[in-house]
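Data block for final38.cif (mmCIF, C-alpha atoms):
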data_input
loop_
_atom_site.label_atom_id
_atom_site.label_comp_id
_atom_site.auth_asym_id
_atom_site.auth_seq_id
_atom_site.Cartn_x
_atom_site.Cartn_y
_atom_site.Cartn_z
CA MET A 27 124.08 119.69 132.91
CA ASN A 28 121.68 118.89 135.76
CA ALA A 29 120.20 121.94 137.48
CA GLN A 30 120.78 120.59 140.98
CA PRO A 31 123.98 118.78 141.97
CA MET A 32 123.54 115.24 143.17
CA SER A 33 124.65 114.03 146.55
CA SER A 34 127.87 112.07 146.48
CA MET A 35 125.93 108.87 147.20
CA ASN A 36 123.51 109.36 144.31
CA ARG A 37 126.35 110.39 142.01
CA VAL A 38 128.23 107.18 142.74
CA LEU A 39 125.17 104.92 142.57
CA THR A 40 124.21 106.38 139.19
CA THR A 41 127.75 105.85 137.91
CA ILE A 42 127.89 102.24 139.10
CA SER A 43 124.61 101.65 137.24
CA HIS A 44 126.44 102.64 134.03
CA LYS A 45 124.45 105.81 133.67
CA GLU A 46 125.67 109.39 133.54
CA PRO A 47 125.23 111.40 136.77
CA ASP A 48 125.68 115.17 137.05
CA ARG A 49 129.48 114.78 136.96
CA VAL A 50 132.24 112.21 137.20
CA PRO A 51 132.66 111.12 140.85
CA LEU A 52 136.02 111.79 142.50
CA PHE A 53 137.54 109.30 144.93
CA LEU A 54 140.79 110.56 146.43
CA CYS A 55 141.99 107.62 148.53
CA LEU A 56 143.52 109.51 151.44
CA SER A 57 144.59 107.27 154.31
CA PHE A 58 147.83 108.19 156.13
CA TYR A 59 147.66 111.52 154.24
CA GLY A 60 145.27 112.48 157.04
CA ALA A 61 148.23 112.76 159.42
CA LYS A 62 149.62 115.45 157.14
CA GLU A 63 146.26 117.22 157.19
CA LEU A 64 146.25 117.33 161.00
CA GLY A 65 149.98 118.02 161.42
CA MET A 66 150.60 114.74 163.26
CA THR A 67 153.05 111.90 162.94
CA VAL A 68 151.62 108.81 161.24
CA PRO A 69 151.66 106.58 164.37
CA GLU A 70 150.12 109.36 166.48
CA TYR A 71 147.41 109.86 163.87
CA PHE A 72 146.29 106.24 163.84
CA LYS A 73 146.16 105.91 167.64
CA LYS A 74 142.72 107.50 167.87
CA PRO A 75 139.73 107.00 165.55
CA GLU A 76 138.77 110.61 166.25
CA ASN A 77 141.86 111.73 164.34
CA VAL A 78 140.90 109.75 161.26
CA VAL A 79 137.33 111.03 161.36
CA ALA A 80 138.41 114.66 161.71
CA ALA A 81 140.89 114.36 158.84
CA GLN A 82 138.48 112.54 156.52
CA LEU A 83 135.78 115.15 157.00
CA ALA A 84 138.24 118.03 156.56
CA MET A 85 139.79 116.53 153.42
CA ARG A 86 136.39 115.81 151.89
CA GLU A 87 135.49 119.47 152.31
CA LYS A 88 138.84 120.68 151.00
CA TYR A 89 139.00 118.45 147.92
CA GLN A 90 135.27 117.96 147.24
CA ASN A 91 135.82 114.23 147.55
CA ASP A 92 132.90 111.91 146.82
CA CYS A 93 133.87 109.30 149.40
CA LEU A 94 135.15 108.90 152.92
CA TYR A 95 137.91 106.36 153.36
CA SER A 96 137.88 104.45 156.65
CA PHE A 97 141.00 102.47 155.72
CA PHE A 98 143.90 102.81 158.18
CA TYR A 99 146.73 100.63 156.81
CA ALA A 100 147.06 97.11 155.38
CA SER A 101 149.19 95.63 158.16
CA ILE A 102 146.46 96.36 160.71
CA GLU A 103 145.02 93.02 159.62
CA LEU A 104 148.33 91.31 160.30
CA GLU A 105 148.31 92.86 163.79
CA ALA A 106 145.14 90.87 164.45
CA PHE A 107 147.15 87.69 163.76
CA GLY A 108 149.81 88.76 166.28
CA SER A 109 152.37 90.63 164.19
CA GLU A 110 153.42 94.27 164.38
CA THR A 111 153.46 97.36 162.17
CA ILE A 112 156.51 99.41 161.27
CA PHE A 113 155.77 103.13 160.93
CA VAL A 114 157.70 105.64 158.83
CA ASP A 115 157.50 109.43 158.81
CA ASP A 116 156.27 110.06 155.28
CA GLY A 117 154.86 106.84 153.88
CA PRO A 118 152.38 104.05 154.50
CA PRO A 119 152.92 101.81 157.53
CA ASN A 120 154.54 98.48 156.67
CA ALA A 121 154.04 94.96 157.98
CA GLY A 122 156.57 93.58 160.43
CA ALA A 123 157.85 90.02 160.50
CA PRO A 124 155.53 87.40 158.95
CA VAL A 125 153.31 85.53 161.39
CA LEU A 126 154.08 82.27 159.58
CA ARG A 127 157.72 81.19 159.65
CA THR A 128 157.28 77.94 157.73
CA ILE A 129 154.66 76.55 155.39
CA ASP A 130 153.64 73.93 157.93
CA ASP A 131 152.79 76.71 160.40
CA VAL A 132 149.67 77.23 158.30
CA PHE A 133 148.06 74.17 159.88
CA ARG A 134 148.28 75.78 163.34
CA LEU A 135 146.85 79.13 162.22
CA GLU A 136 143.35 80.15 163.30
CA PRO A 137 141.32 83.20 162.24
CA PRO A 138 141.53 85.93 164.90
CA GLU A 139 138.49 87.46 166.54
CA ILE A 140 137.67 90.94 165.25
CA ASP A 141 136.57 92.38 168.59
CA THR A 142 139.77 91.40 170.41
CA SER A 143 142.07 93.31 168.03
CA PRO A 144 142.72 96.91 169.19
CA GLY A 145 143.60 98.03 165.66
CA LEU A 146 140.49 96.62 164.04
CA THR A 147 138.21 98.00 166.74
CA ARG A 148 139.67 101.48 166.13
CA VAL A 149 138.74 101.16 162.46
CA LEU A 150 135.22 100.09 163.38
CA ARG A 151 134.83 103.04 165.74
CA ALA A 152 136.03 105.47 163.08
CA THR A 153 133.52 103.94 160.65
CA GLU A 154 130.69 104.35 163.15
CA MET A 155 131.62 107.97 163.77
CA LEU A 156 131.79 108.77 160.07
CA LYS A 157 128.38 107.20 159.56
CA GLU A 158 126.97 109.29 162.40
CA ARG A 159 128.27 112.44 160.69
CA VAL A 160 127.25 111.86 157.05
CA GLY A 161 124.44 109.31 157.13
CA ASN A 162 123.64 108.20 153.59
CA GLU A 163 124.90 111.33 151.84
CA VAL A 164 128.46 110.12 151.24
CA PRO A 165 129.79 106.62 150.56
CA ILE A 166 132.08 105.29 153.30
CA ILE A 167 134.60 102.86 151.86
CA GLY A 168 135.97 100.13 154.10
CA ILE A 169 138.96 98.04 153.05
CA VAL A 170 140.08 94.44 153.46
CA MET A 171 143.00 92.57 152.00
CA SER A 172 141.76 89.69 149.87
CA PRO A 173 142.21 86.17 151.25
CA PHE A 174 144.33 85.45 148.16
CA SER A 175 146.72 88.41 148.56
CA LEU A 176 146.94 88.60 152.38
CA PRO A 177 149.48 85.70 152.55
CA VAL A 178 152.13 87.88 150.91
CA ILE A 179 152.50 89.63 154.27
CA GLN A 180 151.52 86.61 156.38
CA ILE A 181 154.33 84.35 155.16
CA GLY A 182 156.29 86.27 152.51
CA PHE A 183 156.07 86.15 148.74
CA GLU A 184 158.56 83.36 148.11
CA LYS A 185 157.03 80.82 150.51
CA TYR A 186 153.53 81.75 149.37
CA LEU A 187 154.37 81.07 145.74
CA GLU A 188 155.78 77.72 146.82
CA MET A 189 152.42 76.98 148.45
CA ILE A 190 150.47 78.01 145.35
CA TYR A 191 152.47 75.83 142.99
CA PHE A 192 153.61 72.89 145.13
CA ARG A 193 151.68 72.72 148.42
CA LYS A 194 148.00 72.55 147.60
CA ASP A 195 147.15 71.26 151.08
CA ALA A 196 148.75 74.26 152.79
CA PHE A 197 147.31 76.69 150.25
CA GLU A 198 143.77 75.43 150.78
CA ARG A 199 144.15 75.57 154.56
CA LEU A 200 145.40 79.15 154.44
CA MET A 201 142.56 80.17 152.13
CA GLU A 202 140.10 78.62 154.58
CA VAL A 203 141.50 80.65 157.48
CA ASN A 204 141.76 83.87 155.49
CA ASP A 205 138.32 83.51 153.93
CA SER A 206 136.79 83.21 157.40
CA PHE A 207 138.73 86.17 158.81
CA CYS A 208 138.42 88.50 155.80
CA ALA A 209 134.67 87.90 155.42
CA ALA A 210 134.11 88.57 159.12
CA TRP A 211 136.24 91.72 158.91
CA ALA A 212 134.39 93.00 155.83
CA ASN A 213 130.98 92.37 157.37
CA ALA A 214 132.00 93.99 160.66
CA GLN A 215 132.85 97.17 158.76
CA LEU A 216 129.54 97.07 156.90
CA ALA A 217 127.70 96.63 160.19
CA ALA A 218 129.59 99.63 161.59
CA GLY A 219 128.36 101.83 158.73
CA ALA A 220 130.58 101.27 155.70
CA THR A 221 128.71 101.61 152.42
CA ALA A 222 130.94 99.25 150.45
CA ILE A 223 134.07 97.17 150.86
CA GLY A 224 137.15 97.68 148.74
CA ILE A 225 139.24 94.55 148.38
CA PHE A 226 142.94 94.97 147.73
CA ASP A 227 143.97 92.01 145.60
CA PRO A 228 147.22 92.78 143.75
CA LEU A 229 148.21 89.12 143.41
CA SER A 230 145.25 88.54 141.08
CA SER A 231 146.83 90.81 138.48
CA PRO A 232 148.66 89.19 135.53
CA SER A 233 151.51 91.54 136.49
CA LEU A 234 152.22 89.19 139.41
CA ILE A 235 150.76 85.81 138.52
CA GLU A 236 149.88 84.23 135.18
CA LYS A 237 146.19 84.13 134.32
CA PRO A 238 145.80 80.30 134.19
CA THR A 239 147.11 80.09 137.77
CA TYR A 240 144.77 82.89 138.84
CA ILE A 241 141.83 81.05 137.28
CA ARG A 242 142.78 77.93 139.23
CA THR A 243 143.45 79.67 142.56
CA GLY A 244 142.58 83.33 143.12
CA TYR A 245 139.44 83.39 141.00
CA PRO A 246 137.46 80.71 142.92
CA VAL A 247 138.78 82.18 146.18
CA ALA A 248 137.34 85.58 145.20
CA GLN A 249 134.02 84.07 144.17
CA ARG A 250 133.58 82.30 147.51
CA PHE A 251 134.78 85.27 149.53
CA ILE A 252 132.63 87.91 147.85
CA SER A 253 129.54 85.71 148.13
CA LYS A 254 129.89 86.00 151.92
CA ILE A 255 130.10 89.79 152.03
CA LYS A 256 126.80 91.42 152.95
CA GLY A 257 127.21 94.53 150.81
CA ALA A 258 128.69 96.02 147.67
CA THR A 259 132.31 95.30 146.82
CA ALA A 260 135.14 96.69 144.71
CA ILE A 261 138.33 94.88 143.72
CA HIS A 262 141.55 96.84 143.33
CA LEU A 263 144.66 95.33 141.74
CA ALA A 264 146.88 98.11 143.14
CA SER A 265 148.44 99.36 139.88
CA GLY A 266 148.72 95.89 138.34
CA LEU A 267 147.69 94.96 134.80
CA THR A 268 143.90 94.64 134.69
CA LEU A 269 142.60 94.13 131.16
CA PRO A 270 143.18 90.34 130.86
CA VAL A 271 141.03 89.59 133.93
CA VAL A 272 138.21 92.15 133.63
CA ARG A 273 135.58 89.56 132.77
CA GLU A 274 136.58 87.18 135.52
CA ILE A 275 136.60 89.94 138.14
CA ALA A 276 133.18 91.13 136.98
CA GLU A 277 131.92 87.56 137.39
CA THR A 278 132.95 87.51 141.06
CA GLY A 279 130.13 89.94 141.78
CA ALA A 280 132.28 92.99 142.42
CA ALA A 281 130.68 96.25 141.29
CA ILE A 282 133.88 98.29 140.83
CA LEU A 283 137.36 97.50 139.50
CA GLY A 284 140.34 99.70 140.41
CA PHE A 285 142.93 100.01 137.64
CA GLY A 286 146.25 101.75 137.00
CA VAL A 287 148.15 103.07 134.02
CA ALA A 288 149.37 99.72 132.66
CA ASP A 289 146.33 99.03 130.50
CA ASP A 290 145.28 100.29 127.09
CA PRO A 291 142.45 102.76 127.90
CA VAL A 292 140.37 102.14 124.77
CA ALA A 293 140.45 98.36 125.19
CA LEU A 294 139.81 98.54 128.94
CA LYS A 295 136.80 100.83 128.58
CA LYS A 296 135.33 98.55 125.92
CA GLU A 297 135.90 95.40 127.96
CA ALA A 298 134.41 96.86 131.16
CA GLU A 299 131.45 98.66 129.59
CA GLY A 300 128.19 97.34 130.99
CA ARG A 301 130.06 94.77 133.10
CA ILE A 302 131.85 96.61 135.88
CA CYS A 303 132.46 100.22 136.92
CA LEU A 304 136.07 101.38 136.54
CA LEU A 305 137.95 103.36 139.19
CA GLY A 306 141.28 105.00 138.34
CA ASN A 307 143.81 105.78 137.05
CA LEU A 308 145.88 108.85 138.05
CA ASN A 309 149.54 107.96 138.63
CA GLY A 310 150.23 108.74 142.29
CA LEU A 311 154.00 108.65 141.87
CA GLU A 312 153.92 111.10 138.95
CA MET A 313 151.54 113.33 140.88
CA THR A 314 154.37 114.11 143.30
CA HIS A 315 155.95 116.37 140.67
CA TRP A 316 152.94 117.54 138.67
CA THR A 317 152.18 121.19 138.04
CA LYS A 318 148.62 122.47 138.30
CA GLU A 319 148.52 122.64 134.50
CA ARG A 320 149.63 119.02 134.26
CA ALA A 321 146.95 118.01 136.76
CA HIS A 322 144.22 119.72 134.73
CA ARG A 323 145.47 118.27 131.45
CA THR A 324 145.74 114.72 132.81
CA VAL A 325 142.34 114.75 134.49
CA LYS A 326 140.73 115.97 131.27
CA THR A 327 142.44 113.23 129.27
CA VAL A 328 141.38 110.48 131.67
CA ILE A 329 137.79 111.71 131.75
CA ASP A 330 137.73 111.86 127.94
CA GLN A 331 139.00 108.27 127.80
CA PHE A 332 136.72 106.67 130.39
CA GLY A 333 133.86 108.99 131.32
CA LYS A 334 131.37 108.60 128.47
CA GLY A 335 128.25 106.70 129.44
CA GLY A 336 129.06 106.58 133.15
CA GLY A 337 130.67 103.54 134.72
CA PHE A 338 133.76 105.53 135.73
CA ILE A 339 135.05 107.04 138.98
CA LEU A 340 138.17 109.21 138.86
CA SER A 341 140.78 108.15 141.40
CA ASP A 342 144.43 107.28 141.66
CA GLY A 343 145.53 103.98 140.16
CA HIS A 344 146.93 102.35 143.30
CA GLY A 345 144.38 102.97 146.04
CA GLU A 346 146.40 105.42 148.13
CA ILE A 347 147.60 108.99 147.60
CA PRO A 348 151.32 109.32 148.48
CA TRP A 349 152.35 111.69 151.27
CA GLN A 350 154.62 113.54 148.83
CA VAL A 351 151.77 114.70 146.54
CA PRO A 352 151.38 118.44 147.24
CA GLU A 353 148.07 119.64 148.58
CA GLU A 354 147.76 122.16 145.75
CA ILE A 355 147.89 119.31 143.22
CA LEU A 356 144.98 117.54 144.89
CA ILE A 357 143.07 120.82 144.80
CA ALA A 358 143.94 121.15 141.09
CA VAL A 359 142.65 117.63 140.45
CA SER A 360 139.39 118.52 142.17
CA GLU A 361 139.12 121.76 140.19
CA ALA A 362 139.67 119.86 136.95
CA VAL A 363 136.85 117.45 137.75
CA GLN A 364 134.51 120.41 138.26
CA LEU A 365 135.66 121.88 134.93
CA TYR A 366 135.81 118.82 132.68
CA GLY A 367 133.74 116.16 134.40
CA ASN A 368 130.22 117.57 134.01
CA TYR A 369 127.77 115.49 132.01
CA PRO A 370 127.07 115.54 129.16
CA LEU A 371 130.81 115.54 128.51
CA GLU A 372 131.99 118.04 125.94
#
Take the structure in the file and give it back as C-alpha cells.
Amino acid sequence: MNAQPMSSMNRVLTTISHKEPDRVPLFLCLSFYGAKELGMTVPEYFKKPENVVAAQLAMREKYQNDCLYSFFYASIELEAFGSETIFVDDGPPNAGAPVLRTIDDVFRLEPPEIDTSPGLTRVLRATEMLKERVGNEVPIIGIVMSPFSLPVIQIGFEKYLEMIYFRKDAFERLMEVNDSFCAAWANAQLAAGATAIGIFDPLSSPSLIEKPTYIRTGYPVAQRFISKIKGATAIHLASGLTLPVVREIAETGAAILGFGVADDPVALKKEAEGRICLLGNLNGLEMTHWTKERAHRTVKTVIDQFGKGGGFILSDGHGEIPWQVPEEILIAVSEAVQLYGNYPLE
C-alpha cells in the first residue's frame, strides 16, 4: 500500500493507464440525487447551478467520491432543440414530446446554438464553478448523449429504427446535425472546465441493435464524433450488453467503457485488458434493497473480478444512482472500497 494517498485525479489517471494506483477509484454517478442531498424537489434543484455545485461537493465529501458529476439530465439536450422536460418527484427527468414528428422533419432540423439554451448554459456555469473549487485535484465528468442514441428521444424509437434500416438519407442527415451539436456541446463543457466527457450511447449495445448494424451505422458515427472532441472520452452503454463490442469501442478512441451486469466478468476483463479502462458495474436497482453487509460483499466481489492490474473504476452499471438507494448504502459502498480496494489487492 502506498504511504501517501493519491489525489483523485492521479488515482484515475493511473487507473486509465492500466496501472495500479493506491486504491480502486470510486465513481458514484449522482445527478438528481443531489436534490435529495439538499432537501429540494428535482425541478427546484436544477433551476440553479449553485445547487448542483453545492450538492456535488457535499456528496463527494460524504461518500469519498473520486469524481464530480456535472450532468443534469439527458433531456436538457432536447430542450435545446425546442422540446420540454417532464419532472417527477423521485426519479430522473424525462423527455417530453419528440421534436421530430415525421421522418421528413429531419431535413428541416438544424443544430441549436449552445449559448442560447438556458439549460445548457446552467450546466456550463455549474462546470465552471466546480472547476474553480477543485482545480485539477478531482476529475469533473461532463455528459453528452451520443449522436447515434440521441434520436431515440428526438423522434422516438420506432421511427428511428425505420430510418436506420430503410431511410439512409434521413439517417445520414440526422447524424450530420447531431454530430455538429453533440461535438459543440462536449467541447463547450471541456472549455468550461470538465476533465472528460462521458458519452451515453445505449443504442450501440447488442442488447438493442445487432452488431452488424452497429458496425455499419453507430460505429463510424462514434469514430467521427469522438475525433472532434478536444479531450478524453468515455462511452457508457447504460446497462446494455458490452462484451461483443469492446474492441470496436476501444478503437473509437474512448478511454473508458461503462458496463453493467449483463456480461461475463472474466471474459470482459480479458477482452478489455490493455485496451480500455472499465467502469462499473454495481446494480443500481438492486442497491435499493441492499443491506450494508450485501454492499460490502458485492463491492469486494466486483473488485476481485476486475481490479487486478488497474484499468478499473468502481461505479454503478447504468450511469446514474437511483433516488431510492439509501444514503447508508452509498456510505457502505464507499467503506467497502476503502477496505477491499487498496493495492496490491489481497
List as JSON lines every residue of stretch 133-177 of chain A that is in contact with stretch 247-264 of chain A, defined as an atom at most 12 Å from one of its atoms (using only C-alpha atoms), together with the nearest atom pair and the distance in Å rounded to one decimal, sorted by chain and then rising number.
{"residue": "A:Pro165", "atom": "CA", "partner": "A:Ala258", "partner_atom": "CA", "distance": 11.0}
{"residue": "A:Ile166", "atom": "CA", "partner": "A:Ala258", "partner_atom": "CA", "distance": 11.4}
{"residue": "A:Ile167", "atom": "CA", "partner": "A:Thr259", "partner_atom": "CA", "distance": 9.4}
{"residue": "A:Gly168", "atom": "CA", "partner": "A:Thr259", "partner_atom": "CA", "distance": 9.5}
{"residue": "A:Ile169", "atom": "CA", "partner": "A:Ala260", "partner_atom": "CA", "distance": 9.3}
{"residue": "A:Val170", "atom": "CA", "partner": "A:Ile261", "partner_atom": "CA", "distance": 9.9}
{"residue": "A:Met171", "atom": "CA", "partner": "A:His262", "partner_atom": "CA", "distance": 9.8}
{"residue": "A:Ser172", "atom": "CA", "partner": "A:Ala248", "partner_atom": "CA", "distance": 7.6}
{"residue": "A:Pro173", "atom": "CA", "partner": "A:Val247", "partner_atom": "CA", "distance": 7.3}
{"residue": "A:Phe174", "atom": "CA", "partner": "A:Val247", "partner_atom": "CA", "distance": 6.7}
{"residue": "A:Ser175", "atom": "CA", "partner": "A:Leu263", "partner_atom": "CA", "distance": 9.9}
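Once the PyMOL selection byres ((chain A and resi 180-196) around 8) is applied to this file, the selection holds Leu104, Pro124, Val125, Leu126, Arg127, Thr128, Ile129, Asp130, Val132, Phe133, Leu176, Pro177, Val178, Ile179, Phe197, Glu198, Arg199, Leu200 and Thr243 of chain A.
If you count all atoms listed in the file and ignore residues fewer than 5 places along the chain from A:Ile112, what sits within 8 Å of it is A:Pro119, A:Asn120, A:Ala121, A:Gly122.
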Shell of 9 Å around stretch 54-56 of chain A, only C-alpha atoms, local chain residues under 5 positions omitted, as a ChimeraX atom specification: /A:82,85-86,89,91-95,97,340-342,344-348,356
Check which residues satisfy the PyMOL selection byres ((chain A and resi 336) around 12) in the file shown, then give them as an NGL selection string. :A and (37-51 or 295 or 298-305 or 329-335 or 337-340 or 367-371)
Mind giving me the straight-line distance from atom CA of A:Ala293 to atom CA of A:Ala280 in Å, one decimal? 19.8 Å
Given the PyMOL selection byres ((chain A and resi 317) around 12) and the file above, list the residues it selects as number ranges by chain. A: 312-316, 318-324, 351-359
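Atom CA of A:Ala214 is positioned 27.0 Å from atom CA of A:Glu87.
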In Å, with one decimal, what is the gap from atom CA of A:Pro31 to atom CA of A:Glu361? 15.5 Å
In terms of the shortest atom-to-atom distance over all atoms listed in the file, which of A:Phe98, A:Asp227, A:Leu83, A:Trp349 is closest to A:Met155? A:Leu83
If I wrap all listed atoms of stretch 336-343 of chain A in a box with edges along x, y and z and add 6 Å on each side, what are its centre and edge lengths in Å to one decimal, as JSON?
{"center_x": 137.3, "center_y": 106.4, "center_z": 137.4, "size_x": 28.5, "size_y": 17.7, "size_z": 20.5}
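Between A:Glu70 and the candidates A:Leu311, A:Phe58, A:Gly286, A:Asp141, the tightest atom-to-atom separation, counting all atoms listed in the file, involves A:Phe58.
If you measure from each of A:Gly108, A:Gly244, A:Pro291, A:Gly343 to A:Ile275 using all atoms listed in the file, the closest one turns out to be A:Gly244.
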